[in-house]
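A short write-up of the structure that comes next.
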2 protein chains.
Amino acid sequence: MTGLTPKSTSALRTVAPEERSHEVDHPSSLVAQFGADKPLKLDCGVDLAPFQIAYQTYGELNADKSNAVLVCHALTGDQHVANRHPVTGKPGWWETLVGQGRPLDPSRYFIICSNVIGGCMGSTGPASMNPATGKVWGLDFPIITIPDMVRAQAMLIDHLGIDTLFAVVGGSMGGMQALQWTVAYPARVFANLAIACATRHSAQNIAFHELGRQAVMADPDWDHGRYGDKGVHPHRGLAVARMAAHITYLSDAALHRKFGRRMQDRELPTFSFDADFQVESYLRYQGSSFVERFDANSYLYLTRAMDYFDIAGDHDGVLAAAFRGIKTRFCVVSFTSDWLFPTSESRALVHALNASSARVSFAEIETDKGHDAFLLDVPEFIDIAGAFLESAGKARGLKAPNGG
Amino acid sequence: MTGLTPKSTSALRTVAPEERSHEVDHPSSLVAQFGADKPLKLDCGVDLAPFQIAYQTYGELNADKSNAVLVCHALTGDQHVANRHPVTGKPGWWETLVGQGRPLDPSRYFIICSNVIGGCMGSTGPASMNPATGKVWGLDFPIITIPDMVRAQAMLIDHLGIDTLFAVVGGSMGGMQALQWTVAYPARVFANLAIACATRHSAQNIAFHELGRQAVMADPDWDHGRYGDKGVHPHRGLAVARMAAHITYLSDAALHRKFGRRMQDRELPTFSFDADFQVESYLRYQGSSFVERFDANSYLYLTRAMDYFDIAGDHDGVLAAAFRGIKTRFCVVSFTSDWLFPTSESRALVHALNASSARVSFAEIETDKGHDAFLLDVPEFIDIAGAFLESAGKARGLKAPNGG
């Protein structure tokens with residue numbers, strides 16, 4: 001996959017579906033705009049209009065429109081799943097899963113990945129202009145939920161003229177969206193690959209998110225979310241939030257293997273607050289690089305959406321009720337060392353799916369890589385994802401765009 | 001135990017050992033001062049002088065001075081182990097273990113608890129006056145280590161005229177000090193009760209500490225540690241650091257049991273960034289109450305001391321070498337749901353003690369309360385601590401102050 005010259009998101013173009021390019025690498029994201037006649041009905045009661053969704057596609061839609069796959073991104077991900085990132089210049093965030101010779105091969109599937117509503121990579125969010133005021137939305141942006149994200153994606157899928165998705169695939173917050181897709185639109189999802197996720201956010205996870213939000217809000221540059229019109233950004237607070245989150249993405253064992261107590265470029269301690277240990281230097285880098293590509297208010301909104309997520313809570317506390325009668329085939333994947341979304345959460349989901357007589361396979365992958373494993377080249381995981389999609393494709397009688 | 005009227009630490013008095021009170025509740029802390037002739041030799045190479053150690057004592061030293069017990073406090077603890085806290089007005093932080101009818105009963109033992117060097121409750125630390133400049137030390141205060149803390153305690157014990165401690169007892173950072181006592185002064189410790197601790201700080205724990213330090217340093221009021229002369233304090237940054245640490249003190253299960261996804265004073269979400277969930281409200285309280293009693297620079301110094309702690313590292317990587325030939329009796333206690341100092345760390349310590357032919361008993365207590373369990377009334381733990389001290393007392397031929 002060839003890289004693109006890094007571009008800023010200001011290069012976003014509005015392109016009608018029929019004009020869109022089918023190259024793997026897009027020079028910039030496509031944007032679907034929804035006017036006042038097509039508001040996004042949010043859970044908080046607000047009708048959001050106008051709004052736009054930025055997205056990338058890879059591959060071609062086949063003749064009977066049966067090969068569309070929606071990939072849902074995680075908290076700090078975006079639509080650049082399999083192309084060089086326009087801001088960071090880094091490879092796509094899920095090139096282990098999406099790309100030539102990978103389980104989601106663009107020669108076979110029409111792959112769509114959109115920036116979530118509330119995000120900051122081209123979809124409408126708190127960093128966008130509020131048309132009513134001509135100023136940046138900031139905290140006046142309405143609170144969004146995981147179901148809202150999925151509702152916006154469904155409007156994008158409609159916009160693309162697609163009725164049923166062959167598959168919805170996602171990890172972490174992306175897995176939450178994948179699950180919500182089947183809950184909200186059971187007839188529109190043939191296969192569901194939900195990875196390293198849960199049907200609700202735990203108290204510990206809410207606590208970590210609240211910690212991150214408080215770190216952002218403690219930064220005077222945040223200024224009650226009004227930094228958007230002032231040309232400043234709460235870099236320091238957001239970097240701290242990112243550091244906290246990053247620790248939860250790794251496991252104790254992974255941190256020990258990667259860094260242990262090794263010193264940074266030295267053998268003896270400096271007896272100072274310098275980053276003596278490699279793990280300190282690594283964390284500082286994670287914090288400082290993140291703030292260059294992410295909006296602080298967006299971080300608040302997306303963490304809040306995850307906190308509110310609770311499928312059972314929306315169904316009188318009965319998780320299985322949410323999946324009653326569904327035909328979607330599920331593959332649920334968890335990783336043994338993931339303490340953010342531990343296997344027990346995936347198991348509860350699988351039990352509920354079983355109780356709903358849903359077709360479900362469950363893979364608990366043995367790894368010490370923690371939650372991050374879903375983004376890494378873990379062969380067992382990639383193989384299982386590939387086998388599940390292959391098998392679902394056969395059941396669907398899927399034909400590649402060229403009829404192969 | 002009767003409460004005291006809350007007092008500020010400015011009420012610290014310098015009292016000679018022979019004048020000190022033996023009441024359980026002291027109206028204020030005792031202070032041992034060490035002049036230019038008695039510098040504290042720090043690991044970083046600095047001779048710190050003058051300096052002072054604030055401490056509390058409970059009970060009376062017996063005739064042969066064989067009943068002295070040193071209690072070592074954890075990161076954010078202090079000398080007020082078993083009396084009402086002069087700042088917060090709360091009960092002593094370890095009244096489950098220390099007090100009448102408790103394993104460390106002042107009618108039987110002479111119990112000493114001192115604020116660590118680098119602390120902020122009367123012992124010399126970064127919030128103290130630098131006599132060379134007449135200003136608050138701030139970041140000019142030298143970096144201290146766990147061995148430095150223990151070296152200062154040994155000078156206090158000398159000052160009190162005590163040769164051998166019957167026991168050193170501590171949890172978390174206090175447990176690190178307890179272990180270091182036997183490593184540094186093997187002949188001066190008869191029994192060692194090391195709880196919920198480790199012989200070194202793990203990469204994940206260093207990461208959490210670095211996160212806390214970065215949160216403090218991100219607060220503009222911190223101002224490179226120079227806030228001390230300006231009448232401000234980096235409250236916001238320190239509160240965030242405390243929230244992060246507090247999550248690590250509890251377990252996922254404990255958070256789930258205590259809070260789950262329960263809302264705060266409401267049934268429906270507010271769709272805002274208010275503390276909708278009880279766990280958010282709890283964390284915010286933990287953060288804001290902490291900053292009223294703790295100095296931000298002290299927090300930096302003490303977390304750094306824990307990060308540097310590595311007993312094996314000081315003994316060519318061989319942990320057992322640190323304990324070779326010791327006669328101290330050990331009781332090592334861990335808690336199953338403690339993920340900050342997991343049982344595996346205690347087990348490694350026990351293996352090293354076994355390899356050194358040390359006398360050691362090991363108790364892994366089944367609880368879902370996480371690291372905080374050592375501060376809570378966990379009957380199995382209290383019973384084990386009591387039995388260990390009882391048995392060690394018999395071996396020592398211990399006599400109570402009244403000869404009983």
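Lettering and numbering for the structure tokens are positional, with chains as A, B, ... in the shown order, residues counted from 1 in each chain, and ligands counted from 1 in the shown order.
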
What's the 12 Å shell around Gly313 of chain B, counting only C-alpha atoms, without same-chain residues fewer than 4 positions away, as a PDB file with N, CA and C atoms, in the first residue's frame?
```
ATOM      1  N   ARG A 261      12.117  -2.289  34.028  1.00  0.00           N
ATOM      2  CA  ARG A 261      12.619  -1.124  34.769  1.00  0.00           C
ATOM      3  C   ARG A 261      13.835  -0.517  34.047  1.00  0.00           C
ATOM      4  N   ARG A 262      13.898  -0.781  32.735  1.00  0.00           N
ATOM      5  CA  ARG A 262      15.057  -0.301  31.974  1.00  0.00           C
ATOM      6  C   ARG A 262      15.101   1.226  31.935  1.00  0.00           C
ATOM      7  N   GLU A 267      22.481   4.183  32.485  1.00  0.00           N
ATOM      8  CA  GLU A 267      22.478   3.002  33.352  1.00  0.00           C
ATOM      9  C   GLU A 267      22.116   3.336  34.781  1.00  0.00           C
ATOM     10  N   LEU A 268      22.479   4.550  35.181  1.00  0.00           N
ATOM     11  CA  LEU A 268      22.227   4.934  36.567  1.00  0.00           C
ATOM     12  C   LEU A 268      21.120   5.983  36.618  1.00  0.00           C
ATOM     13  N   PRO A 269      20.367   5.992  37.701  1.00  0.00           N
ATOM     14  CA  PRO A 269      19.312   7.008  37.818  1.00  0.00           C
ATOM     15  C   PRO A 269      19.915   8.412  37.868  1.00  0.00           C
TER      16      PRO A 269
ATOM     17  N   THR B 199       9.278  -5.793  46.200  1.00  0.00           N
ATOM     18  CA  THR B 199      10.692  -5.444  46.387  1.00  0.00           C
ATOM     19  C   THR B 199      11.171  -4.481  45.296  1.00  0.00           C
ATOM     20  N   ARG B 200      10.274  -4.192  44.354  1.00  0.00           N
ATOM     21  CA  ARG B 200      10.602  -3.207  43.316  1.00  0.00           C
ATOM     22  C   ARG B 200       9.292  -2.706  42.717  1.00  0.00           C
ATOM     23  N   HIS B 201       9.375  -1.551  42.079  1.00  0.00           N
ATOM     24  CA  HIS B 201       8.189  -0.989  41.447  1.00  0.00           C
ATOM     25  C   HIS B 201       8.133  -1.481  40.002  1.00  0.00           C
ATOM     26  N   TYR B 308      12.096   4.332  42.143  1.00  0.00           N
ATOM     27  CA  TYR B 308      13.507   3.952  42.195  1.00  0.00           C
ATOM     28  C   TYR B 308      13.734   2.672  43.016  1.00  0.00           C
ATOM     29  N   PHE B 309      12.741   2.300  43.814  1.00  0.00           N
ATOM     30  CA  PHE B 309      12.950   1.168  44.732  1.00  0.00           C
ATOM     31  C   PHE B 309      13.126  -0.136  43.969  1.00  0.00           C
ATOM     32  N   GLY B 317      21.114  -7.759  41.063  1.00  0.00           N
ATOM     33  CA  GLY B 317      19.975  -8.445  40.464  1.00  0.00           C
ATOM     34  C   GLY B 317      19.526  -9.693  41.207  1.00  0.00           C
ATOM     35  N   VAL B 318      20.190 -10.003  42.318  1.00  0.00           N
ATOM     36  CA  VAL B 318      19.827 -11.228  43.056  1.00  0.00           C
ATOM     37  C   VAL B 318      19.093 -10.840  44.342  1.00  0.00           C
ATOM     38  N   LEU B 319      17.791 -11.041  44.329  1.00  0.00           N
ATOM     39  CA  LEU B 319      16.978 -10.613  45.465  1.00  0.00           C
ATOM     40  C   LEU B 319      17.379 -11.334  46.755  1.00  0.00           C
ATOM     41  N   ALA B 320      17.601 -12.649  46.637  1.00  0.00           N
ATOM     42  CA  ALA B 320      17.923 -13.434  47.832  1.00  0.00           C
ATOM     43  C   ALA B 320      19.197 -12.919  48.497  1.00  0.00           C
ATOM     44  N   ALA B 321      20.122 -12.376  47.686  1.00  0.00           N
ATOM     45  CA  ALA B 321      21.390 -11.878  48.240  1.00  0.00           C
ATOM     46  C   ALA B 321      21.155 -10.778  49.258  1.00  0.00           C
ATOM     47  N   ALA B 322      20.073 -10.020  49.080  1.00  0.00           N
ATOM     48  CA  ALA B 322      19.779  -8.908  49.992  1.00  0.00           C
ATOM     49  C   ALA B 322      19.408  -9.405  51.382  1.00  0.00           C
TER      50      ALA B 322
END
```

Within 8 Å of Leu255 of chain A using only C-alpha atoms, minus same-chain residues under 6 positions, as a ChimeraX atom specification
/A:279 /B:203-204

Can those selected residues be exported to a file as a PDB file, in the first residue's frame so that it contains all heavy atoms?
```
ATOM      1  N   VAL A 279       9.708   3.519  30.214  1.00  0.00           N
ATOM      2  CA  VAL A 279       8.254   3.567  30.212  1.00  0.00           C
ATOM      3  C   VAL A 279       7.754   5.003  30.388  1.00  0.00           C
ATOM      4  O   VAL A 279       6.708   5.380  29.836  1.00  0.00           O
ATOM      5  CB  VAL A 279       7.653   2.607  31.273  1.00  0.00           C
ATOM      6  CG1 VAL A 279       7.970   3.072  32.689  1.00  0.00           C
ATOM      7  CG2 VAL A 279       6.158   2.451  31.085  1.00  0.00           C
TER       8      VAL A 279
ATOM      9  N   ALA B 203       6.861  -1.781  35.935  1.00  0.00           N
ATOM     10  CA  ALA B 203       6.744  -0.815  34.836  1.00  0.00           C
ATOM     11  C   ALA B 203       5.366  -0.158  34.857  1.00  0.00           C
ATOM     12  O   ALA B 203       5.229   1.056  34.657  1.00  0.00           O
ATOM     13  CB  ALA B 203       6.999  -1.502  33.499  1.00  0.00           C
ATOM     14  N   GLN B 204       4.321  -0.956  35.107  1.00  0.00           N
ATOM     15  CA  GLN B 204       2.964  -0.390  35.126  1.00  0.00           C
ATOM     16  C   GLN B 204       2.821   0.608  36.278  1.00  0.00           C
ATOM     17  O   GLN B 204       2.195   1.656  36.118  1.00  0.00           O
ATOM     18  CB  GLN B 204       1.918  -1.500  35.256  1.00  0.00           C
ATOM     19  CG  GLN B 204       0.501  -1.002  35.013  1.00  0.00           C
ATOM     20  CD  GLN B 204      -0.538  -2.116  35.121  1.00  0.00           C
ATOM     21  OE1 GLN B 204      -0.742  -2.704  36.174  1.00  0.00           O
ATOM     22  NE2 GLN B 204      -1.195  -2.407  34.020  1.00  0.00           N
TER      23      GLN B 204
END
```

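These are the residues of segment 47-112 of chain A assigned strand (DSSP E or B) by DSSP from backbone coordinates: Asp47, Leu48, Phe51, Gln52, Ile53, Ala54, Tyr55, Gln56, Thr57, Tyr58, Ala68, Val69, Leu70, Val71, Cys72, Val98, Leu104, Phe110, Ile111 and Ile112 of chain A.
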
Discussion item. Tell me as an MDAnalysis selection string which residues belonging to chain B come within 7 Å of chain A, counting only C-alpha atoms.
Written reply: chainID B and resid 44 143 202:204 207 210:211 214:215 218:219 236:237 240 243:244 252 255:256 259:261 271:272 279:280

Just to confirm, what's the straight-line distance from atom CA of Leu375 of chain A to atom CA of Val332 of chain A in Å (one decimal)?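 For atom CA of Leu375 of chain A relative to atom CA of Val332 of chain A, the distance reads 15.4 Å.
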
Skipping near chain neighbours, those fewer than 6 positions away, what residues fall within 9 Å of Gln79 of chain A using only C-alpha atoms, listed as a CSV table (one decimal) with N, CA, C and O atoms, in the first residue's frame?
```
chain,number,residue,atom,x,y,z
A,29,SER,N,-10.6,12.5,2.5
A,29,SER,CA,-11.8,11.8,2.8
A,29,SER,C,-13.0,12.2,2.0
A,29,SER,O,-13.1,13.4,1.6
A,54,ALA,N,-17.6,12.2,7.5
A,54,ALA,CA,-16.4,12.0,6.6
A,54,ALA,C,-16.1,10.5,6.6
A,54,ALA,O,-16.2,9.8,7.7
A,55,TYR,N,-15.8,10.0,5.5
A,55,TYR,CA,-15.6,8.5,5.4
A,55,TYR,C,-14.6,8.2,4.3
A,55,TYR,O,-14.3,9.0,3.4
A,56,GLN,N,-14.1,7.0,4.4
A,56,GLN,CA,-13.2,6.4,3.4
A,56,GLN,C,-13.9,5.1,2.9
A,56,GLN,O,-14.6,4.5,3.7
A,57,THR,N,-13.6,4.8,1.6
A,57,THR,CA,-14.0,3.5,1.1
A,57,THR,C,-12.9,2.8,0.4
A,57,THR,O,-12.0,3.5,0.0
A,71,VAL,N,-16.6,-0.8,8.8
A,71,VAL,CA,-15.6,-0.9,9.9
A,71,VAL,C,-15.8,0.3,10.8
A,71,VAL,O,-15.9,1.4,10.3
A,72,CYS,N,-16.0,0.0,12.1
A,72,CYS,CA,-16.2,1.0,13.1
A,72,CYS,C,-15.0,1.3,13.9
A,72,CYS,O,-14.3,0.3,14.4
A,73,HIS,N,-14.6,2.5,14.0
A,73,HIS,CA,-13.3,2.8,14.7
A,73,HIS,C,-13.5,3.0,16.2
A,73,HIS,O,-14.6,3.2,16.7
A,92,GLY,N,-2.5,3.2,7.9
A,92,GLY,CA,-3.9,3.0,8.4
A,92,GLY,C,-3.9,2.2,9.7
A,92,GLY,O,-3.0,1.3,9.9
A,112,ILE,N,-16.2,0.3,4.1
A,112,ILE,CA,-16.5,1.7,4.4
A,112,ILE,C,-16.1,1.9,5.8
A,112,ILE,O,-16.3,1.1,6.7
A,113,CYS,N,-15.4,3.0,6.1
A,113,CYS,CA,-15.1,3.4,7.4
A,113,CYS,C,-15.4,4.9,7.6
A,113,CYS,O,-14.8,5.7,6.8
A,114,SER,N,-16.2,5.3,8.5
A,114,SER,CA,-16.6,6.7,8.7
A,114,SER,C,-16.1,7.2,10.0
A,114,SER,O,-16.1,6.4,11.0
A,115,ASN,N,-15.8,8.4,10.1
A,115,ASN,CA,-15.5,9.1,11.4
A,115,ASN,C,-16.8,9.2,12.1
A,115,ASN,O,-17.8,9.7,11.6
A,116,VAL,N,-16.8,8.9,13.4
A,116,VAL,CA,-18.1,8.9,14.1
A,116,VAL,C,-18.6,10.4,14.3
A,116,VAL,O,-17.8,11.3,14.3
A,121,MET,N,-12.3,14.3,12.8
A,121,MET,CA,-11.6,14.1,11.5
A,121,MET,C,-12.5,14.3,10.3
A,121,MET,O,-12.4,13.7,9.3
```

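Going from atom CA of Ala373 of chain A over to atom CA of Gly99 of chain A, you cover 18.2 Å.
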
- Message: So that I can see what lies close to Thr164 of chain B, please list as an MDAnalysis selection string the residues with an atom at most 10 Å from it, counting only C-alpha atoms and leaving out residues fewer than 5 positions away in the same chain.
- Response: chainID B and resid 65:69 157:158 185:190

| message | as a count of residues only, please: the residues near Gly170 of chain A (cut-off 10 Å, only C-alpha atoms, same-chain neighbours under 6 positions excluded). | response | 16

If you count only C-alpha atoms, the residue of B:Pro342, B:Gly393, B:Gly119, B:Gly77 closest to Gly174 of chain B turns out to be B:Gly77

So that I can see what lies close to Tyr227 of chain B, please list as a list in words the residues with an atom at most 12 Å from it, counting only C-alpha atoms and leaving out residues fewer than 5 positions away in the same chain.
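Contacts, with the query itself left out: Pro126, Ala127, Lys135, Val136, Trp137, Gly138, Leu139, Val216, Met217, Asp219, Pro220, Asp221, Trp222, Val232, His233, Pro234, His235, Asp295, Ala296 and Asn297 of chain B.
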
What would the file look like if the residues just selected were written as a short mmCIF file (atom, residue, chain, number, x, y, z; two decimals), in the first residue's frame with all heavy atoms?
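Output saved as selection-v7.cif:
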```cif
data_model
loop_
_atom_site.label_atom_id
_atom_site.label_comp_id
_atom_site.auth_asym_id
_atom_site.auth_seq_id
_atom_site.Cartn_x
_atom_site.Cartn_y
_atom_site.Cartn_z
N PRO B 126 10.11 18.89 50.40
CA PRO B 126 10.18 20.00 49.43
C PRO B 126 9.34 21.21 49.82
O PRO B 126 9.59 22.30 49.31
CB PRO B 126 9.68 19.36 48.13
CG PRO B 126 8.97 18.11 48.53
CD PRO B 126 9.61 17.65 49.79
N ALA B 127 8.37 21.04 50.75
CA ALA B 127 7.57 22.19 51.18
C ALA B 127 8.21 22.91 52.37
O ALA B 127 7.71 23.93 52.83
CB ALA B 127 6.16 21.74 51.55
N LYS B 135 14.00 30.33 51.38
CA LYS B 135 12.78 30.10 50.60
C LYS B 135 12.39 28.63 50.69
O LYS B 135 13.18 27.77 51.11
CB LYS B 135 13.02 30.49 49.14
CG LYS B 135 13.25 31.97 48.93
CD LYS B 135 13.35 32.30 47.45
CE LYS B 135 13.39 33.82 47.26
NZ LYS B 135 13.46 34.17 45.84
N VAL B 136 11.18 28.35 50.23
CA VAL B 136 10.71 26.96 50.21
C VAL B 136 11.61 26.16 49.26
O VAL B 136 11.98 26.64 48.18
CB VAL B 136 9.24 26.92 49.74
CG1 VAL B 136 8.78 25.48 49.52
CG2 VAL B 136 8.34 27.61 50.78
N TRP B 137 11.96 24.93 49.66
CA TRP B 137 12.86 24.09 48.86
C TRP B 137 12.34 23.91 47.42
O TRP B 137 13.08 24.08 46.47
CB TRP B 137 12.97 22.69 49.49
CG TRP B 137 14.00 22.49 50.54
CD1 TRP B 137 13.78 22.43 51.88
CD2 TRP B 137 15.42 22.29 50.36
NE1 TRP B 137 14.97 22.18 52.56
CE2 TRP B 137 15.99 22.09 51.64
CE3 TRP B 137 16.26 22.24 49.25
CZ2 TRP B 137 17.34 21.85 51.83
CZ3 TRP B 137 17.62 22.01 49.44
CH2 TRP B 137 18.15 21.82 50.71
N GLY B 138 11.07 23.50 47.28
CA GLY B 138 10.57 23.17 45.94
C GLY B 138 11.45 22.11 45.29
O GLY B 138 11.95 21.20 45.97
N LEU B 139 11.69 22.23 44.01
CA LEU B 139 12.46 21.21 43.28
C LEU B 139 13.95 21.25 43.59
O LEU B 139 14.71 20.41 43.10
CB LEU B 139 12.24 21.34 41.77
CG LEU B 139 10.90 20.90 41.20
CD1 LEU B 139 11.06 20.46 39.76
CD2 LEU B 139 10.24 19.80 42.00
N VAL B 216 0.35 16.75 37.74
CA VAL B 216 0.76 17.86 38.62
C VAL B 216 1.52 18.90 37.81
O VAL B 216 1.24 20.10 37.86
CB VAL B 216 1.64 17.35 39.78
CG1 VAL B 216 2.29 18.51 40.53
CG2 VAL B 216 0.82 16.49 40.75
N MET B 217 2.48 18.44 37.03
CA MET B 217 3.36 19.36 36.29
C MET B 217 2.61 20.09 35.18
O MET B 217 3.06 21.16 34.73
CB MET B 217 4.54 18.58 35.71
CG MET B 217 5.49 18.05 36.78
SD MET B 217 6.82 17.03 36.04
CE MET B 217 7.88 16.76 37.48
N ASP B 219 -0.21 21.46 35.55
CA ASP B 219 -0.97 22.56 36.16
C ASP B 219 -0.09 23.81 36.18
O ASP B 219 0.98 23.81 36.81
CB ASP B 219 -1.37 22.14 37.58
CG ASP B 219 -2.33 23.13 38.21
OD1 ASP B 219 -2.27 24.33 37.86
OD2 ASP B 219 -3.13 22.70 39.06
N PRO B 220 -0.51 24.89 35.51
CA PRO B 220 0.33 26.10 35.49
C PRO B 220 0.66 26.62 36.89
O PRO B 220 1.70 27.24 37.08
CB PRO B 220 -0.53 27.11 34.73
CG PRO B 220 -1.52 26.31 33.97
CD PRO B 220 -1.75 25.04 34.75
N ASP B 221 -0.22 26.34 37.86
CA ASP B 221 0.06 26.78 39.22
C ASP B 221 1.24 26.03 39.84
O ASP B 221 1.77 26.45 40.87
CB ASP B 221 -1.17 26.61 40.12
CG ASP B 221 -2.22 27.68 39.87
OD1 ASP B 221 -1.85 28.72 39.29
OD2 ASP B 221 -3.39 27.46 40.22
N TRP B 222 1.62 24.92 39.24
CA TRP B 222 2.79 24.19 39.74
C TRP B 222 4.05 25.01 39.47
O TRP B 222 4.94 25.11 40.31
CB TRP B 222 2.88 22.80 39.09
CG TRP B 222 4.07 22.02 39.57
CD1 TRP B 222 4.29 21.53 40.81
CD2 TRP B 222 5.23 21.67 38.79
NE1 TRP B 222 5.50 20.89 40.87
CE2 TRP B 222 6.11 20.96 39.64
CE3 TRP B 222 5.62 21.87 37.46
CZ2 TRP B 222 7.33 20.45 39.20
CZ3 TRP B 222 6.83 21.36 37.02
CH2 TRP B 222 7.67 20.67 37.89
N VAL B 232 0.19 29.89 46.15
CA VAL B 232 -0.75 29.10 45.35
C VAL B 232 -0.35 27.63 45.47
O VAL B 232 0.69 27.29 46.04
CB VAL B 232 -0.74 29.51 43.85
CG1 VAL B 232 -1.26 30.92 43.68
CG2 VAL B 232 0.65 29.36 43.25
N HIS B 233 -1.19 26.77 44.94
CA HIS B 233 -0.92 25.32 44.99
C HIS B 233 -1.58 24.68 43.78
O HIS B 233 -2.72 25.04 43.44
CB HIS B 233 -1.50 24.73 46.29
CG HIS B 233 -1.09 23.31 46.52
ND1 HIS B 233 -1.92 22.25 46.25
CD2 HIS B 233 0.08 22.78 46.97
CE1 HIS B 233 -1.28 21.12 46.54
NE2 HIS B 233 -0.07 21.41 46.98
N PRO B 234 -0.88 23.76 43.11
CA PRO B 234 -1.48 23.14 41.91
C PRO B 234 -2.58 22.13 42.27
O PRO B 234 -2.43 20.93 42.05
CB PRO B 234 -0.28 22.47 41.23
CG PRO B 234 0.70 22.21 42.33
CD PRO B 234 0.50 23.31 43.33
N HIS B 235 -3.66 22.67 42.80
CA HIS B 235 -4.78 21.83 43.25
C HIS B 235 -5.33 20.95 42.14
O HIS B 235 -5.63 19.79 42.35
CB HIS B 235 -5.92 22.72 43.77
CG HIS B 235 -5.74 23.21 45.16
ND1 HIS B 235 -4.96 22.55 46.08
CD2 HIS B 235 -6.25 24.29 45.80
CE1 HIS B 235 -5.01 23.20 47.23
NE2 HIS B 235 -5.77 24.28 47.09
N ASP B 295 0.91 18.10 49.90
CA ASP B 295 1.70 19.02 49.09
C ASP B 295 2.06 18.37 47.75
O ASP B 295 2.50 17.22 47.70
CB ASP B 295 2.97 19.38 49.86
CG ASP B 295 3.93 20.19 49.01
OD1 ASP B 295 3.55 21.30 48.59
OD2 ASP B 295 5.04 19.70 48.73
N ALA B 296 1.88 19.12 46.68
CA ALA B 296 2.07 18.56 45.34
C ALA B 296 3.52 18.12 45.09
O ALA B 296 3.77 17.05 44.53
CB ALA B 296 1.65 19.58 44.28
N ASN B 297 4.48 18.95 45.51
CA ASN B 297 5.88 18.55 45.30
C ASN B 297 6.23 17.30 46.11
O ASN B 297 6.97 16.43 45.65
CB ASN B 297 6.84 19.69 45.68
CG ASN B 297 6.91 20.75 44.59
OD1 ASN B 297 6.62 20.47 43.42
ND2 ASN B 297 7.30 21.96 44.95
#
```

Show me, as a PyMOL selection string, the residues that have an atom within 8 Å of Ser357 of chain B when counting only C-alpha atoms, minus same-chain residues fewer than 3 positions from it. chain B and resi 324-325+353-354

Measure the distance from atom CA of Phe335 of chain B to atom CA of Ser172 of chain B in Å and round it to one decimal.
->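 Computing it gives 11.5 Å between the two atoms.
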